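J.: Sharing upload08.pdb, PDB, C-alpha atoms:
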ATOM      1  CA  MET I 299       9.491 -10.421 -18.194
ATOM      2  CA  THR I 300       7.396  -7.274 -18.146
ATOM      3  CA  ALA I 301       9.469  -4.245 -17.231
ATOM      4  CA  ALA I 302       9.453  -0.564 -17.887
ATOM      5  CA  ILE I 303      12.135   2.087 -17.709
ATOM      6  CA  ALA I 304      11.450   5.775 -17.375
ATOM      7  CA  ALA I 305      12.850   9.113 -16.315
ATOM      8  CA  ASN I 306      12.702   9.975 -12.610
ATOM      9  CA  GLY I 307       9.317  11.103 -11.317
ATOM     10  CA  GLU I 308       5.852   9.755 -10.764
ATOM     11  CA  ILE I 309       2.967   8.787 -13.011
ATOM     12  CA  SER I 310      -0.308  10.557 -12.389
ATOM     13  CA  THR I 311      -2.865   7.794 -12.019
ATOM     14  CA  PRO I 312      -6.539   8.434 -12.716
ATOM     15  CA  GLY I 313      -8.793   8.266  -9.667
ATOM     16  CA  LEU I 314     -11.951   6.236  -9.419
ATOM     17  CA  ASP I 315     -15.095   8.302  -9.776
ATOM     18  CA  ASP I 316     -18.315   6.357  -9.289
ATOM     19  CA  ARG I 317     -20.214   8.972 -11.284
ATOM     20  CA  ARG I 318     -18.106   8.540 -14.435
ATOM     21  CA  ASP I 319     -18.185   5.156 -16.124
ATOM     22  CA  ASP I 320     -15.291   6.227 -18.430
ATOM     23  CA  SER I 321     -13.008   6.800 -15.461
ATOM     24  CA  ALA I 322     -13.706   3.337 -14.047
ATOM     25  CA  ARG I 323     -12.971   1.758 -17.435
ATOM     26  CA  THR I 324      -9.669   3.654 -17.720
ATOM     27  CA  VAL I 325      -8.503   2.423 -14.312
ATOM     28  CA  ALA I 326      -9.578  -1.145 -15.106
ATOM     29  CA  ALA I 327      -7.507  -1.086 -18.314
ATOM     30  CA  THR I 328      -4.287  -0.113 -16.530
ATOM     31  CA  THR I 329      -1.593  -2.469 -15.286
ATOM     32  CA  GLU I 330       0.076  -1.818 -11.959
ATOM     33  CA  TYR I 331       3.850  -1.980 -11.643
ATOM     34  CA  ILE I 332       6.186  -1.923  -8.665
ATOM     35  CA  SER I 333       8.727   0.743  -9.572
ATOM     36  CA  PHE I 334      12.257   0.453  -8.242
ATOM     37  CA  ALA I 335      15.635   2.071  -8.734
ATOM     38  CA  VAL I 336      19.004   0.749  -9.820
ATOM     39  CA  GLY I 337      21.383   3.679  -9.686
ATOM     40  CA  ASP I 338      19.709   6.713 -11.260
ATOM     41  CA  GLU I 339      17.386   4.638 -13.466
ATOM     42  CA  GLN I 340      13.824   3.572 -12.683
ATOM     43  CA  TYR I 341      12.403   0.214 -13.671
ATOM     44  CA  GLY I 342       9.125  -1.550 -13.073
ATOM     45  CA  VAL I 343       7.839  -5.082 -12.852
ATOM     46  CA  ASP I 344       4.204  -6.159 -13.125
ATOM     47  CA  ILE I 345       2.805  -6.220  -9.606
ATOM     48  CA  MET I 346       1.135  -9.579 -10.325
ATOM     49  CA  ALA I 347       4.596 -11.168 -10.742
ATOM     50  CA  VAL I 348       5.860  -9.894  -7.375
ATOM     51  CA  ARG I 349       5.741 -12.476  -4.589
ATOM     52  CA  GLU I 350       7.458 -10.467  -1.860
ATOM     53  CA  ILE I 351       9.864  -7.626  -1.184
ATOM     54  CA  LYS I 352      12.604  -8.387   1.308
ATOM     55  CA  ASP I 353      15.281  -6.353   3.014
ATOM     56  CA  TRP I 354      18.814  -7.310   2.008
ATOM     57  CA  SER I 355      20.436  -9.988   4.179
ATOM     58  CA  ALA I 356      23.621 -11.942   3.716
ATOM     59  CA  ILE I 357      23.295 -14.804   1.249
ATOM     60  CA  THR I 358      24.919 -18.190   1.222
ATOM     61  CA  GLN I 359      26.147 -19.732  -1.993
ATOM     62  CA  LEU I 360      25.428 -23.460  -2.127
ATOM     63  CA  PRO I 361      27.324 -25.172  -4.949
ATOM     64  CA  ASN I 362      26.140 -28.762  -4.224
ATOM     65  CA  GLN I 363      22.980 -28.977  -2.175
ATOM     66  CA  PRO I 364      22.349 -32.272  -0.368
ATOM     67  CA  ALA I 365      19.045 -34.098  -0.919
ATOM     68  CA  TYR I 366      17.919 -33.349   2.648
ATOM     69  CA  MET I 367      18.142 -29.583   2.102
ATOM     70  CA  ARG I 368      14.809 -27.975   2.924
ATOM     71  CA  GLY I 369      13.365 -24.646   2.015
ATOM     72  CA  VAL I 370      13.403 -22.647  -1.152
ATOM     73  CA  ILE I 371      16.552 -21.498  -2.842
ATOM     74  CA  VAL I 372      15.973 -18.304  -4.783
ATOM     75  CA  PRO I 373      18.658 -17.146  -7.227
ATOM     76  CA  ILE I 374      19.375 -13.433  -6.895
ATOM     77  CA  ILE I 375      20.036 -11.340 -10.015
ATOM     78  CA  ASP I 376      22.258  -8.336  -9.345
ATOM     79  CA  LEU I 377      20.628  -5.966 -11.839
ATOM     80  CA  ARG I 378      23.451  -3.404 -11.680
ATOM     81  CA  CYS I 379      25.958  -6.115 -12.624
ATOM     82  CA  ARG I 380      23.653  -7.662 -15.238
ATOM     83  CA  PHE I 381      23.224  -4.261 -16.864
ATOM     84  CA  GLY I 382      27.009  -3.892 -17.110
ATOM     85  CA  ASP I 383      27.564  -1.408 -14.290
ATOM     86  CA  GLY I 384      29.644  -3.639 -11.944
ATOM     87  CA  LEU I 385      28.748  -5.608  -8.830
ATOM     88  CA  THR I 386      26.455  -4.065  -6.247
ATOM     89  CA  ASP I 387      28.061  -3.561  -2.852
ATOM     90  CA  ALA I 388      24.825  -4.544  -1.119
ATOM     91  CA  THR I 389      23.952  -2.878   2.185
ATOM     92  CA  PRO I 390      20.902  -3.113   4.471
ATOM     93  CA  MET I 391      19.433  -0.255   2.389
ATOM     94  CA  HIS I 392      19.086  -2.546  -0.667
ATOM     95  CA  VAL I 393      16.049  -4.734  -1.344
ATOM     96  CA  ILE I 394      15.292  -8.042  -3.021
ATOM     97  CA  ILE I 395      12.137  -8.085  -5.126
ATOM     98  CA  VAL I 396      11.103 -11.733  -5.387
ATOM     99  CA  ILE I 397       9.200 -12.370  -8.616
ATOM    100  CA  GLN I 398       7.766 -15.365 -10.408
ATOM    101  CA  ILE I 399       8.017 -15.367 -14.198
ATOM    102  CA  ASP I 400       7.129 -18.377 -16.355
ATOM    103  CA  GLY I 401       7.060 -20.639 -13.283
ATOM    104  CA  GLU I 402      10.552 -19.593 -12.131
ATOM    105  CA  THR I 403      11.146 -17.689  -8.908
ATOM    106  CA  VAL I 404      14.049 -15.222  -8.833
ATOM    107  CA  GLY I 405      15.076 -12.255  -6.724
ATOM    108  CA  LEU I 406      16.001  -8.899  -8.232
ATOM    109  CA  LEU I 407      18.601  -6.935  -6.247
ATOM    110  CA  ALA I 408      17.612  -3.256  -6.392
ATOM    111  CA  ASP I 409      18.706  -0.085  -4.627
ATOM    112  CA  ARG I 410      15.204   0.724  -3.407
ATOM    113  CA  VAL I 411      11.490   0.322  -4.124
ATOM    114  CA  LEU I 412       9.899   3.593  -5.210
ATOM    115  CA  ASP I 413       6.161   3.284  -5.707
ATOM    116  CA  ILE I 414       3.260   1.396  -7.223
ATOM    117  CA  ILE I 415       2.309   2.973 -10.536
ATOM    118  CA  ALA I 416      -0.616   2.357 -12.863
ATOM    119  CA  VAL I 417       0.153   2.409 -16.559
ATOM    120  CA  ASP I 418      -2.306   2.394 -19.412
ATOM    121  CA  PRO I 419      -1.033   0.019 -22.132
ATOM    122  CA  SER I 420      -1.229   2.885 -24.653
ATOM    123  CA  GLN I 421       1.489   4.729 -22.655
ATOM    124  CA  ILE I 422       4.034   1.940 -23.177
ATOM    125  CA  GLN I 423       6.416   2.627 -26.051
ATOM    126  CA  PRO I 424       8.546  -0.076 -27.708
ATOM    127  CA  VAL I 425      12.199  -0.376 -26.744
ATOM    128  CA  PRO I 426      14.273   1.217 -29.539
ATOM    129  CA  LYS I 427      15.977  -1.427 -31.682
ATOM    130  CA  VAL I 428      19.001   0.832 -32.245
ATOM    131  CA  SER I 429      20.029   0.485 -28.606
ATOM    132  CA  HIS I 430      22.499  -2.317 -27.861
ATOM    133  CA  ASP I 431      22.581  -1.680 -24.128
ATOM    134  CA  ALA I 432      22.748  -4.697 -21.777
ATOM    135  CA  ARG I 433      19.347  -3.620 -20.418
ATOM    136  CA  THR I 434      17.362  -3.915 -23.653
ATOM    137  CA  GLY I 435      16.969  -7.697 -23.490
ATOM    138  CA  PHE I 436      15.164  -7.348 -20.176
ATOM    139  CA  LEU I 437      12.835  -4.541 -21.158
ATOM    140  CA  SER I 438       9.455  -4.946 -22.771
ATOM    141  CA  GLY I 439       8.686  -1.246 -23.088
ATOM    142  CA  LEU I 440       9.421   2.321 -22.071
ATOM    143  CA  VAL I 441       7.123   4.692 -20.213
ATOM    144  CA  ALA I 442       7.596   8.449 -19.925
ATOM    145  CA  ILE I 443       6.941   9.568 -16.370
ATOM    146  CA  GLU I 444       5.888  13.098 -15.531
ATOM    147  CA  LYS I 445       8.161  14.620 -12.918
ATOM    148  CA  ASN I 446       6.209  15.887  -9.924
ATOM    149  CA  ASP I 447       8.043  18.399  -7.741
ATOM    150  CA  ASP I 448       5.891  18.970  -4.652
ATOM    151  CA  ARG I 449       8.639  20.307  -2.382
ATOM    152  CA  ALA I 450       7.776  23.337  -0.295
ATOM    153  CA  ASP I 451      10.266  26.218  -0.447
TER     154      ASP I 451
END
Kindly present the structure from the file in structure tokens form.
T.:
Amino acid sequence: MTAAIAANGEISTPGLDDRRDDSARTVAATTEYISFAVGDEQYGVDIMAVREIKDWSAITQLPNQPAYMRGVIVPIIDLRCRFGDGLTDATPMHVIIVIQIDGETVGLLADRVLDIIAVDPSQIQPVPKVSHDARTGFLSGLVAIEKNDDRAD
């Protein structure tokens, strides 16, 4: 699964400029990610893997589904719990990011969706091997994000 973790903020994405061929090539080489938050951390998933983003709604656990059951059952991964920070007390403010990875469809329970960011592959740093955090198995790289503080005083 392609994911990125970074400090809070936004990535400055290069704009398209029809007069500069270099600029167009730079944009074409980037990968877009949906960025989302779990607690105070930001993560991203390749936008091409995202099938839909849904508001949180109550779920039903179905231990033994009958053969006549129709529809699609999507397992939901509580990322906060999976990362070792306890169960999420989901509210209507939470979202489910439905993704498809290696032919499997799953939902990622997140606190909120933040933005769509474009990342040049050269910006992605490897996940440090010294870290034994529960998150490291799910991460494919780290991206430093420039903090942008545009608030008016």
J.: Within 8 Å of region 375-380 of chain I, counting all atoms listed in the file, which residues qualify if same-chain residues fewer than 3 places away don't, as a list of chain:residue names?
T.: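 The filter keeps I:Val336, I:Gly337, I:Asp383, I:Gly384, I:Leu385, I:Thr386, I:Val404, I:Gly405, I:Leu406, I:Leu407, I:Ala408, I:Ala432, I:Arg433.
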J.: Which value, in Å to one decimal, gives the distance between CA of Pro426 (chain I) and CA of Gly382 (chain I)?
T.: 18.5 Å
J.: Between CA of Val343 (chain I) and CA of Val417 (chain I), what is the distance, to one decimal in Å?
T.: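 Separation between CA of Val343 (chain I) and CA of Val417 (chain I): 11.4 Å.
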J.: Could you tell me which of I:Asp344, I:Asp387, I:Glu330, I:Asp338 comes closest to Ser438 (chain I) if we count all atoms listed in the file?
T.: I:Asp344
J.: Translate the PyMOL selection byres ((chain I and resi 413) around 7) into a concrete residue list for this structure, as a list in words.
T.: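 On the file shown, the PyMOL selection byres ((chain I and resi 413) around 7) covers Ile332, Ser333, Val411, Leu412, Ile414 and Ile415 of chain I.
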J.: In Å, with one decimal, what is the gap from CA of Pro390 (chain I) to CA of Ile351 (chain I)?
T.: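 Computing it gives 13.2 Å between the two atoms.
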